[in-house]
Each structure stands twice: as structure tokens, then as C-alpha cells.
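Note: the block below is start03.cif and it holds mmCIF, C-alpha atoms.
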```
data_model
loop_
_atom_site.label_atom_id
_atom_site.label_comp_id
_atom_site.auth_asym_id
_atom_site.auth_seq_id
_atom_site.Cartn_x
_atom_site.Cartn_y
_atom_site.Cartn_z
CA ASP A 20 0.00 0.00 0.00
CA ASP A 21 1.56 3.30 -1.13
CA GLU A 22 0.36 5.23 1.94
CA ASP A 23 2.25 2.88 4.26
CA ARG A 24 5.62 3.46 2.61
CA PHE A 25 7.90 6.13 3.83
CA GLN A 26 10.51 7.04 1.28
CA THR A 27 12.48 10.14 0.55
CA VAL A 28 12.55 11.79 -2.84
CA PHE A 29 15.71 9.74 -3.42
CA ALA A 30 14.29 6.27 -2.68
CA SER A 31 13.76 3.99 -5.65
CA GLN A 32 14.10 0.50 -4.12
CA GLU A 33 12.64 -1.27 -1.12
CA GLY A 34 14.87 -3.15 1.30
CA ALA A 35 15.95 -0.94 4.18
CA VAL A 36 14.51 -1.18 7.69
CA ALA A 37 14.62 2.60 8.09
CA ALA A 38 14.30 5.67 5.93
CA PRO A 39 17.50 7.53 5.12
CA THR A 40 16.55 10.38 7.43
CA ALA A 41 19.10 12.94 6.21
CA GLY A 42 17.32 12.75 2.85
CA LEU A 43 14.00 13.66 4.46
CA HIS A 44 15.11 17.30 4.45
CA PHE A 45 15.07 17.36 0.63
CA SER A 46 11.81 18.03 -1.16
CA LYS A 47 11.53 17.76 -4.94
CA GLY A 48 11.42 21.57 -5.06
CA LEU A 49 14.65 21.91 -3.05
CA VAL A 50 16.39 19.35 -5.25
CA LYS A 51 15.30 21.28 -8.36
CA ARG A 52 16.57 24.59 -6.89
CA LEU A 53 19.92 22.99 -6.07
CA GLU A 54 20.19 21.52 -9.57
CA ILE A 55 19.52 24.97 -11.07
CA LYS A 56 22.42 26.27 -8.96
CA GLY A 57 24.69 23.58 -10.45
CA VAL A 58 24.56 20.89 -7.78
CA ASN A 59 24.84 17.37 -9.20
CA PHE A 60 23.17 14.45 -7.45
CA ALA A 61 24.56 10.93 -7.60
CA GLU A 62 22.50 8.01 -6.33
CA LEU A 63 23.49 4.91 -4.45
CA THR A 64 21.62 2.25 -2.52
CA LEU A 65 22.26 1.11 1.01
CA HIS A 66 19.72 -1.19 2.59
CA VAL A 67 20.05 0.00 6.17
CA GLY A 68 19.79 -2.77 8.74
CA LEU A 69 18.90 -2.69 12.41
CA GLY A 70 22.58 -3.09 13.35
CA THR A 71 23.15 0.52 12.29
CA PHE A 72 21.13 1.62 15.31
CA ARG A 73 22.54 -0.84 17.82
CA GLN A 74 24.24 0.88 20.73
CA VAL A 75 27.97 0.29 21.04
CA GLU A 76 28.56 -1.56 24.31
CA VAL A 77 32.30 -2.26 24.17
CA GLU A 78 35.16 -0.13 25.50
CA ASP A 79 37.46 -1.13 22.63
CA LEU A 80 35.68 0.10 19.48
CA THR A 81 37.65 -2.31 17.31
CA LYS A 82 35.68 -5.12 19.01
CA HIS A 83 32.24 -3.79 17.99
CA LYS A 84 30.74 -5.86 15.18
CA MET A 85 28.53 -4.10 12.66
CA ASP A 86 25.82 -6.10 10.94
CA SER A 87 26.32 -6.32 7.19
CA GLU A 88 24.16 -4.17 4.93
CA GLN A 89 23.70 -4.47 1.20
CA ALA A 90 25.00 -1.56 -0.87
CA ALA A 91 25.12 -0.69 -4.56
CA ILE A 92 27.08 2.14 -6.16
CA PRO A 93 26.56 2.28 -9.93
CA GLN A 94 29.28 3.31 -12.38
CA ALA A 95 27.37 6.54 -13.20
CA THR A 96 27.54 7.56 -9.53
CA ALA A 97 31.25 6.80 -9.32
CA ASP A 98 31.80 8.87 -12.48
CA ILE A 99 29.92 11.91 -11.11
CA VAL A 100 31.71 11.77 -7.76
CA ASN A 101 35.15 11.22 -9.26
CA LYS A 102 34.71 14.06 -11.76
CA SER A 103 33.79 16.34 -8.85
CA LYS A 104 36.85 15.20 -6.90
CA GLU A 105 39.12 15.72 -9.92
CA ASN A 106 37.71 19.23 -10.38
CA LYS A 107 38.21 19.96 -6.67
CA LYS A 108 34.47 20.42 -6.09
CA ARG A 109 32.67 19.65 -2.87
CA VAL A 110 31.40 16.09 -2.49
CA CYS A 111 28.65 15.98 0.11
CA ALA A 112 27.39 12.70 1.52
CA VAL A 113 23.72 12.98 2.45
CA GLY A 114 23.60 10.87 5.57
CA THR A 115 25.86 8.58 7.52
CA THR A 116 24.62 5.54 5.65
CA SER A 117 25.62 7.10 2.32
CA MET A 118 28.98 7.95 3.83
CA ARG A 119 29.46 4.33 4.94
CA ALA A 120 28.58 3.06 1.47
CA ILE A 121 31.03 5.32 -0.35
CA GLU A 122 33.81 4.71 2.16
CA THR A 123 33.32 0.98 1.55
CA SER A 124 34.34 1.28 -2.10
CA VAL A 125 37.47 3.43 -2.36
CA SER A 126 40.23 2.71 -4.84
CA THR A 127 43.90 2.81 -3.86
CA ASP A 128 44.15 6.29 -5.40
CA GLY A 129 41.25 7.59 -3.28
CA MET A 130 38.54 7.51 -5.92
CA LEU A 131 35.07 5.98 -5.74
CA LYS A 132 34.63 2.58 -7.37
CA PRO A 133 31.34 0.99 -8.44
CA PHE A 134 30.21 -1.53 -5.85
CA ASP A 135 27.51 -4.16 -5.48
CA GLY A 136 27.76 -6.19 -2.31
CA TRP A 137 27.71 -6.10 1.46
CA THR A 138 29.41 -3.82 3.94
CA ASN A 139 29.94 -3.93 7.67
CA ARG A 140 32.20 -0.87 7.74
CA PHE A 141 32.32 0.75 11.19
CA ILE A 142 33.79 4.24 11.06
CA PHE A 143 34.93 5.88 14.28
CA PRO A 144 37.65 8.38 15.27
CA PRO A 145 40.34 8.59 14.14
CA TYR A 146 39.43 7.92 10.51
CA GLU A 147 40.73 9.42 7.27
CA PHE A 148 37.80 9.96 4.90
CA SER A 149 38.56 9.46 1.21
CA ILE A 150 35.53 10.54 -0.79
CA ALA A 151 33.29 13.20 0.77
CA ASN A 152 34.50 16.53 2.09
CA ALA A 153 31.07 17.54 3.40
CA MET A 154 28.16 15.72 5.00
CA ILE A 155 24.54 16.40 5.83
CA THR A 156 23.42 14.34 8.78
CA ASN A 157 20.88 14.26 11.54
CA PHE A 158 21.67 14.32 15.22
CA HIS A 159 22.15 10.76 16.47
CA MET A 160 21.72 8.91 19.74
CA PRO A 161 24.60 8.75 22.24
CA GLU A 162 26.89 5.72 21.93
CA SER A 163 25.60 4.95 18.44
CA THR A 164 27.76 3.98 15.48
CA LEU A 165 26.19 6.89 13.60
CA LEU A 166 27.30 9.48 16.15
CA MET A 167 30.78 7.98 16.16
CA MET A 168 31.02 8.38 12.39
CA VAL A 169 29.84 11.99 12.60
CA ALA A 170 32.46 12.67 15.30
CA ALA A 171 35.12 11.09 13.09
CA PHE A 172 34.11 13.36 10.20
CA GLY A 173 33.42 16.64 11.99
CA GLY A 174 35.81 16.28 14.90
CA TYR A 175 34.65 15.15 18.33
CA ASP A 176 34.86 18.57 20.00
CA ASN A 177 33.03 20.35 17.15
CA VAL A 178 30.25 17.78 17.06
CA MET A 179 29.77 17.79 20.84
CA LYS A 180 29.60 21.60 20.78
CA ALA A 181 26.88 21.40 18.11
CA TYR A 182 24.95 18.85 20.20
CA LYS A 183 25.15 21.04 23.32
CA THR A 184 23.87 24.02 21.33
CA ALA A 185 21.04 21.94 19.85
CA ILE A 186 19.95 20.74 23.29
CA LYS A 187 20.22 24.23 24.82
CA GLU A 188 18.23 25.75 21.95
CA LYS A 189 15.64 22.92 22.11
CA TYR A 190 16.15 21.76 18.52
CA LYS A 191 13.82 19.02 17.37
CA PHE A 192 15.62 15.69 17.22
CA LEU A 193 15.02 12.47 15.30
CA SER A 194 14.48 13.20 11.61
CA PHE A 195 12.79 16.58 11.18
CA GLY A 196 14.38 19.88 12.08
CA ASP A 197 17.75 18.51 13.04
CA ALA A 198 19.84 18.64 9.87
CA LEU A 199 23.50 19.33 10.42
CA LEU A 200 25.81 20.38 7.57
CA ILE A 201 29.47 19.59 8.24
CA ILE A 202 31.99 21.22 5.88
#
```

Could you take the file, read its structure, and then write that structure out as C-alpha cells?
Amino acid sequence: DDEDRFQTVFASQEGAVAAPTAGLHFSKGLVKRLEIKGVNFAELTLHVGLGTFRQVEVEDLTKHKMDSEQAAIPQATADIVNKSKENKKRVCAVGTTSMRAIETSVSTDGMLKPFDGWTNRFIFPPYEFSIANAMITNFHMPESTLLMMVAAFGGYDNVMKAYKTAIKEKYKFLSFGDALLII
């Protein structure tokens, strides 16, 4: 039943257990305005699993086991991203799950490769990101793999400062009203 589905303007396939919430901030109108300004969009698929939301309960982060999730990055997406990188343009991952997918398929020269398979990549500080130099994300729960990735990308101190401001200013959390752009 179409009314029971919740998909973003980007979704084209079923398979994830959750919506890619960072994409919920993009309406078709906003996407069109960004395209008019010269922003290119490149699609990928990551079927988010419940393991993404599992709280990390180990002291040694290298011991945390991520559940595998299916991802697909088509050649056309790799071409768009790599052309942007070559032209020293900004590459912005929309969401932590997109970031995980692209960081799963990096060539030895730091470019994005097409990919069709499974990933259990767990990104936490310190981590050297290869593809994106910007990210749109939502605020995430404490001790989550998602928050750890955001801290790895934006810097722990910067991200914690943003969280403290969001709490103090009573930002809405969990999907709507909590977009965070990290550049």
C-alpha cells in the first residue's frame, strides 16, 4: 500500500529497515533549486539494517561488530563523484549511511569505485575519509555507530559543541528539524 511506505525523494528501491533520514530534508522543489544552482546528485543504494542503530557496548571500538548491509554504487555515480573530486568540487554525503557506502568502495588512489555487495564498515575516530569533504546528517543517539562516524568526520569537539547548542536551543531531534551540515 503506497500510503504505508515512507521514502524520501531519493528512494527507488525497497529493502531498508529505516528511511535515510538525512534525505527527508530534501523536497523535490529543493532538489530542483539545487540543480539549477549547479549541484549534481549521484544516487546509491544502502539497505540499512537494524545493526546501524545498535548501541555500542564495548570499550574497545575495534571489538564492535557491525551487521552487514547491502549496498550498490553504480558506475554513473562513481563517475559523477570522481569528476567532482578531480575538479576539486565539494562532495557531500547525504547521511551517515551514504557515507558508509562510499567509504566501503574506495580505490587505492582515493577515488570511488562501483560496488555491489555487502558492507559492515564501522567508522569511528580517528578515521581518514577518502571521498566526501562535506556531509549532511541528523543528530544521532549517544553511543551509536552513527554518532561515532559523525564525530570522526566533523571532529569530536566540534560535534559535541553542536549537540550542546542543539539541546540548549531545544532543537527538534530524530528526523525533522535537526539537519547538520558539516563542511

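If you measure from each of A:Ala151, A:Glu54, A:Pro39, A:Leu166 to Lys107 of chain A using only C-alpha atoms, the closest one turns out to be A:Ala151.
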
task: Given the file shown, determine the residues that the PyMOL selection byres ((chain A and resi 181-191) around 12) selects; report them as number ranges by chain.
output: A: 157-161, 166, 169-170, 173-180, 192-201

task: Excluding Ser87 of chain A and residues on its chain fewer than 5 positions from it, collect all residues at most 6 Å away from it, counting all atoms listed in the file, and give them as a PyMOL selection string.
output: chain A and resi 137-139

- request: Starting from the displayed file, determine the output of the PyMOL selection byres ((chain A and resi 56-64) around 8) and express the residue list as a ChimeraX atom specification.
  value: /A:29,32,52-55,65-66,89-93,95-96,99-100,117

- prompt: Closest to Asp98 of chain A among A:Met130, A:Ile202, A:Lys84, A:Phe143, using only C-alpha atoms?
  reply: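 The answer is A:Met130, which sits nearest to Asp98 of chain A.
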
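You will find atom CA of Pro133 of chain A at 14.3 Å from atom CA of Met118 of chain A.
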
Atom CA of Glu147 of chain A to atom CA of Leu131 of chain A, distance in Å rounded to a single decimal: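 Interatomic distance here is 14.6 Å.
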
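Environment of (42.1, 5.1, 12.6): residues at most 12 Å away, judged by all atoms listed in the file, are Leu80, Thr81, Phe141, Ile142, Phe143, Pro144, Pro145, Tyr146, Glu147, Phe148, Met168, Ala171 and Phe172 of chain A.
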
Selected residues, C-alpha atoms, written as a PDB file, in the coordinates of the input, please.
```pdb
ATOM      1  CA  LEU A  80      35.680   0.100  19.480  1.00  0.00           C
ATOM      2  CA  THR A  81      37.650  -2.310  17.310  1.00  0.00           C
ATOM      3  CA  PHE A 141      32.320   0.750  11.190  1.00  0.00           C
ATOM      4  CA  ILE A 142      33.790   4.240  11.060  1.00  0.00           C
ATOM      5  CA  PHE A 143      34.930   5.880  14.280  1.00  0.00           C
ATOM      6  CA  PRO A 144      37.650   8.380  15.270  1.00  0.00           C
ATOM      7  CA  PRO A 145      40.340   8.590  14.140  1.00  0.00           C
ATOM      8  CA  TYR A 146      39.430   7.920  10.510  1.00  0.00           C
ATOM      9  CA  GLU A 147      40.730   9.420   7.270  1.00  0.00           C
ATOM     10  CA  PHE A 148      37.800   9.960   4.900  1.00  0.00           C
ATOM     11  CA  MET A 168      31.020   8.380  12.390  1.00  0.00           C
ATOM     12  CA  ALA A 171      35.120  11.090  13.090  1.00  0.00           C
ATOM     13  CA  PHE A 172      34.110  13.360  10.200  1.00  0.00           C
TER      14      PHE A 172
END
```

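Coordinates place atom CA of Ile150 of chain A at a distance of 11.8 Å from atom CA of Thr127 of chain A.
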
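Using all atoms listed in the file, the shortest contact distance between Ser126 of chain A and any of A:Gly48, A:Glu76, A:Thr156, A:Ser149 is found at A:Ser149.
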
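Selection by the PyMOL selection byres ((chain A and resi 112) around 8) on the present file picks out Val110, Cys111, Val113, Gly114, Thr115, Ser117, Met118, Ala151, Ala153, Met154 and Ile155 of chain A.
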